Protein chains: 2
Amino acid sequence: MNSAVWYSKEGQNSDVVVSSRIRLARNLPDVPFPIRLSKETAQVVVSRIVSAVEKTGELTKYDFQFLDLSKLSRVKRLSLLERHLISPDLIQKSSGTALLSSTDESVSIMVNEEDHLRLQVMQAGFGLQEIYVLADSIDNLLDAKLKFAFDDSLGYLTQCPTNLGTGMRASLMLHLPALKRTGAINNVVKNLIKLGLTMRGMYGEGTEPVGDMYQLSNQVTLGISEKAAVKNLEDISMQLVNQEKTARNELRSSLSVQDEIHRSFGLLSNCRLLGSNEFMSLVSNVRFGVAVNELKNLSFADLNSLMFKVQAASICLEYGEETNGKEQNRIRADIVRKALGGS
Amino acid sequence: MNSAVWYSKEGQNSDVVVSSRIRLARNLPDVPFPIRLSKETAQVVVSRIVSAVEKTGELTKYDFQFLDLSKLSRVKRLSLLERHLISPDLIQKSSGTALLSSTDESVSIMVNEEDHLRLQVMQAGFGLQEIYVLADSIDNLLDAKLKFAFDDSLGYLTQCPTNLGTGMRASLMLHLPALKRTGAINNVVKNLIKLGLTMRGMYGEGTEPVGDMYQLSNQVTLGISEKAAVKNLEDISMQLVNQEKTARNELRSSLSVQDEIHRSFGLLSNCRLLGSNEFMSLVSNVRFGVAVNELKNLSFADLNSLMFKVQAASICLEYGEETNGKEQNRIRADIVRKALGGS
């Protein structure tokens, strides 16, 4: 893992917004969608995309690393999933798929997942506009070479109709401990649907929120411009960020809340065994504690890094792929304890 | 509370034996037992005993403080109970009762509880022989003045037949976290009954063990000398102490046990609210951690003091008798956190 990875940094509104992400789904015009591809044609698609990337001078600065996903162990693929570089689907099926990833992992291209090409740009904190501009420029560069499948009335063609149009999914990973505690989160989720947005767990569709982390995304891709979709998500999420901050201000003077924050810190900085679910719920309280200034000498960047570092596959990748569950819990406890200054 | 109180010290085998205690039940020969006493006669008994104590030159070094229990608030009496200076009975009924207590609270005389006089000597750690010798000498001094009710064939006469004979209850407060964890404690309790001993909770008869603390006492008072009873308790308890130490040695390398120890320390040194039951179970783990050298820079004496200091009535006595439950929990957390070096 690179020490300069994007998630080891801090961005705007990092107290609430863990990260921003833009993903564009694109397809080649003259090849069936990945689901219908033969192994050989899938390889051709991989080659065409890799070649387009390599031949685009403006992209050399990203120093894209190429990974043939079918040649990676399950643990290696799981670790890419944990870092949001590939989707859960590519854990099951990896044949004919590939990943191109920049050095800091902020820009990546998944080949032959649901669509031929999925371009993704990530950034710590609240920064949808910046990464949209970046994604759009890379999209244009690749479009010039690959001539993405596009229909004048429908927009970009994608395998799944829910992506048709912009092919864009813009999302924010939000830490919402206060809205969760007050129970307001339930209403928020309900209302977001009406606004063309959706809120889900940390790893997208069908996953449960852990550690008070919610992924907020645009739902509508058809009949709206990419810019308008980004603006819509940005406006609504800023409201949500402010709601969360207000709720935090109301909760911060509660002794029970302070107690929970400090207890969580006490457990994380002293434990000798730590499961990943327990870690997520405790680190959520600690993150909340840093935000309301109950805990000092800890940054959101530290906590973000830690969240990536102690995931199961990342631990296995560093300590051996055979590392079993209990051993992972011991290693996780050691990493976390040291990161929080425990003894 | 005095800083030189007996429980702020450390004694032999303090890792297992929190404290040793000898109690002698004695009665005046010419007065009915307390249960049948009029208010006036009860006062006469108090005066006779106080006068005997005052007139015994050898006892002046204890600088006995006299407390008319009927004049104390309920909280003050509860705090005496917490320090084992009076029995639970004297919380309900205090009329005509009194307490004489030495400066360090190690020697005390309860007047008109179940018997006219109950002499008690306490010491930190394992020290039954020493305190028996001390109790016996004070008993002799008082007997010379008060001529305790004694029958040549039965021994000392007491209100309850279970005390008849020696009138002595010798007991040890034992910390048995390892025997509790391995489950061996259940067999131990069963076997002790056959040996004429009994094991109960922290505050004696009818109380549940909290924080893995067990009170081990002699059961037999009739047909046995005081010395033989002390010797019997001493021999058996040393076996128990060794059993506990063996079990600790077996458990100390377990990562789950280490985890529990350090988590308990983490909670105690960080919490902002702390109930008394939770405190007892966490401090038990911490005490265990100090014994097996998982936790450094903490002494048994520190932990013993803390256990007395943060009991409900002791807190009320120091912070105001009106201090409610939540406020007590806040104060308890503050005291404990600071004592363990937390921030």
# chains A, B, ... in the order shown; residues from 1 in each chain; ligands from 1
>>> interface_residues(of="chain B", to="chain A", cutoff="7 Å", atoms="only C-alpha atoms", output="ChimeraX atom specification")
/B:255,258-259,262-263,266-267,270-273
>>> residues_around(residues="Lys39 (chain A)", least_positions_apart="3", cutoff="10 Å", atoms="only C-alpha atoms", output="mmCIF file with N, CA and C atoms, in the first residue's frame")
data_model
loop_
_atom_site.group_PDB
_atom_site.id
_atom_site.type_symbol
_atom_site.label_atom_id
_atom_site.label_comp_id
_atom_site.auth_asym_id
_atom_site.auth_seq_id
_atom_site.Cartn_x
_atom_site.Cartn_y
_atom_site.Cartn_z
ATOM 1 N N PRO A 34 -20.033 -6.845 -21.656
ATOM 2 C CA PRO A 34 -19.189 -7.882 -21.027
ATOM 3 C C PRO A 34 -19.927 -9.190 -20.727
ATOM 4 N N ARG A 36 -21.932 -10.787 -22.335
ATOM 5 C CA ARG A 36 -22.068 -11.663 -23.516
ATOM 6 C C ARG A 36 -20.731 -11.938 -24.218
ATOM 7 N N ALA A 42 -13.167 -10.630 -24.699
ATOM 8 C CA ALA A 42 -12.936 -9.855 -23.467
ATOM 9 C C ALA A 42 -11.483 -9.381 -23.433
ATOM 10 N N GLN A 43 -10.557 -10.271 -23.817
ATOM 11 C CA GLN A 43 -9.146 -9.911 -23.837
ATOM 12 C C GLN A 43 -8.879 -8.795 -24.843
ATOM 13 N N VAL A 44 -9.588 -8.860 -25.969
ATOM 14 C CA VAL A 44 -9.447 -7.803 -26.974
ATOM 15 C C VAL A 44 -9.885 -6.458 -26.390
ATOM 16 N N SER A 95 -12.628 -13.465 -14.605
ATOM 17 C CA SER A 95 -12.092 -13.847 -15.912
ATOM 18 C C SER A 95 -12.312 -12.735 -16.944
ATOM 19 N N GLY A 96 -11.250 -12.360 -17.648
ATOM 20 C CA GLY A 96 -11.342 -11.335 -18.683
ATOM 21 C C GLY A 96 -11.495 -9.920 -18.158
ATOM 22 N N THR A 97 -11.256 -9.736 -16.856
ATOM 23 C CA THR A 97 -11.393 -8.386 -16.287
ATOM 24 C C THR A 97 -10.020 -7.839 -15.909
#
>>> select_by_dssp(residues="region 64-271 of chain B", states="helix (DSSP H, G or I)", output="VMD selection string")
chain B and resid 69 to 71 74 to 82 89 to 92 128 to 146 161 to 163 177 to 182 185 to 194 226 to 251 255 to 268
>>> write_last_selection(atoms="C-alpha atoms", output="compact mmCIF listing (two decimals), in the first residue's frame")
# COMPACT_ATOMS: atom_id res chain seq x y z
CA LEU B 69 -25.46 5.37 65.17
CA SER B 70 -29.02 6.59 65.78
CA LYS B 71 -27.76 10.15 65.33
CA ARG B 74 -28.62 6.93 56.54
CA VAL B 75 -25.83 7.88 54.11
CA LYS B 76 -23.29 8.08 56.93
CA ARG B 77 -24.36 4.67 58.18
CA LEU B 78 -24.22 3.25 54.64
CA SER B 79 -20.69 4.53 54.30
CA LEU B 80 -19.75 2.71 57.54
CA LEU B 81 -21.28 -0.44 56.06
CA GLU B 82 -19.24 0.03 52.89
CA ASP B 89 -28.80 -4.77 60.04
CA LEU B 90 -27.73 -1.43 61.49
CA ILE B 91 -28.91 0.38 58.36
CA GLN B 92 -32.51 -0.56 59.18
CA LEU B 128 -5.28 -14.05 60.39
CA GLN B 129 -2.80 -15.07 63.10
CA GLU B 130 -1.67 -11.52 63.79
CA ILE B 131 -5.14 -10.08 64.01
CA TYR B 132 -6.38 -13.03 66.06
CA VAL B 133 -3.67 -12.36 68.62
CA LEU B 134 -4.64 -8.69 68.64
CA ALA B 135 -8.38 -9.40 68.92
CA ASP B 136 -7.75 -11.93 71.68
CA SER B 137 -5.73 -9.45 73.74
CA ILE B 138 -8.37 -6.72 73.42
CA ASP B 139 -11.03 -9.31 74.28
CA ASN B 140 -9.14 -10.22 77.46
CA LEU B 141 -8.77 -6.58 78.46
CA LEU B 142 -12.47 -5.93 78.02
CA ASP B 143 -13.46 -9.23 79.66
CA ALA B 144 -11.57 -8.16 82.77
CA LYS B 145 -13.84 -5.10 83.00
CA LEU B 146 -17.14 -6.40 81.62
CA PRO B 161 -26.86 -20.19 68.48
CA THR B 162 -24.64 -20.22 65.36
CA ASN B 163 -22.17 -18.01 67.24
CA PRO B 177 -11.00 -14.19 39.14
CA ALA B 178 -9.19 -17.25 37.77
CA LEU B 179 -11.16 -19.87 39.73
CA LYS B 180 -14.30 -18.01 38.66
CA ARG B 181 -13.27 -18.05 34.98
CA THR B 182 -12.36 -21.72 34.92
CA ILE B 185 -15.20 -21.96 42.06
CA ASN B 186 -18.47 -23.92 42.14
CA ASN B 187 -16.78 -27.09 43.37
CA VAL B 188 -14.69 -25.09 45.81
CA VAL B 189 -17.79 -23.58 47.40
CA LYS B 190 -19.41 -27.02 47.72
CA ASN B 191 -16.34 -28.61 49.32
CA LEU B 192 -15.76 -25.79 51.79
CA ILE B 193 -19.05 -26.53 53.51
CA LYS B 194 -17.77 -30.01 54.37
CA GLU B 226 -10.60 -20.00 68.64
CA LYS B 227 -7.03 -20.90 67.77
CA ALA B 228 -7.99 -24.16 66.09
CA ALA B 229 -10.69 -22.38 64.07
CA VAL B 230 -8.21 -19.73 62.90
CA LYS B 231 -5.66 -22.42 62.01
CA ASN B 232 -8.28 -24.40 60.06
CA LEU B 233 -9.35 -21.34 58.05
CA GLU B 234 -5.74 -20.37 57.48
CA ASP B 235 -4.70 -23.80 56.18
CA ILE B 236 -7.63 -24.19 53.83
CA SER B 237 -7.46 -20.65 52.55
CA MET B 238 -3.76 -21.05 51.73
CA GLN B 239 -4.70 -24.05 49.60
CA LEU B 240 -7.32 -21.92 47.91
CA VAL B 241 -4.80 -19.11 47.38
CA ASN B 242 -2.45 -21.59 45.69
CA GLN B 243 -5.25 -23.01 43.55
CA GLU B 244 -6.10 -19.49 42.42
CA LYS B 245 -2.45 -18.76 41.61
CA THR B 246 -2.14 -21.96 39.57
CA ALA B 247 -5.29 -21.13 37.64
CA ARG B 248 -3.97 -17.61 37.00
CA ASN B 249 -0.77 -19.03 35.59
CA GLU B 250 -2.77 -21.18 33.21
CA LEU B 251 -4.93 -18.27 32.07
CA LEU B 255 -5.00 -13.64 24.45
CA SER B 256 -8.71 -13.38 25.28
CA VAL B 257 -7.86 -12.98 28.95
CA GLN B 258 -5.21 -10.35 28.17
CA ASP B 259 -7.72 -8.62 25.92
CA GLU B 260 -10.30 -8.54 28.71
CA ILE B 261 -7.74 -7.16 31.17
CA HIS B 262 -6.59 -4.36 28.89
CA ARG B 263 -10.11 -3.49 27.74
CA SER B 264 -11.17 -3.18 31.37
CA PHE B 265 -8.23 -0.89 32.04
CA GLY B 266 -9.09 1.09 28.88
CA LEU B 267 -12.67 1.57 30.00
CA LEU B 268 -11.79 2.53 33.57
>>> atom_distance(atom1="CA of Leu117 (chain A)", atom2="CA of Leu216 (chain A)")
22.4 Å
>>> residues_around(residues="region 289-296 of chain A", least_positions_apart="2", cutoff="7 Å", atoms="only C-alpha atoms", output="list in words")
Asp15, Arg252, Ile261, Asn285, Val286, Arg287 and Leu298 of chain A
>>> residues_around(residues="Asp68 (chain A)", least_positions_apart="4", cutoff="7 Å", atoms="only C-alpha atoms", output="list of chain:residue names")
A:Leu72, A:Thr97, A:Ala98, A:Leu99
>>> residues_around(residues="Phe150 (chain A)", least_positions_apart="3", cutoff="9 Å", atoms="only C-alpha atoms", output="list in words")
Arg26, Asn27, Pro29, Lys147, Ser153, Leu154, Gly155, Tyr156, Leu157 and Gly165 of chain A
>>> select_by_dssp(residues="region 99-308 of chain A", states="strand (DSSP E)", output="count of residues only")
38
>>> atom_distance(atom1="CA of Val18 (chain A)", atom2="CA of His116 (chain A)")
28.4 Å
>>> atom_distance(atom1="CA of Gln12 (chain A)", atom2="CA of Gln123 (chain A)")
10.0 Å
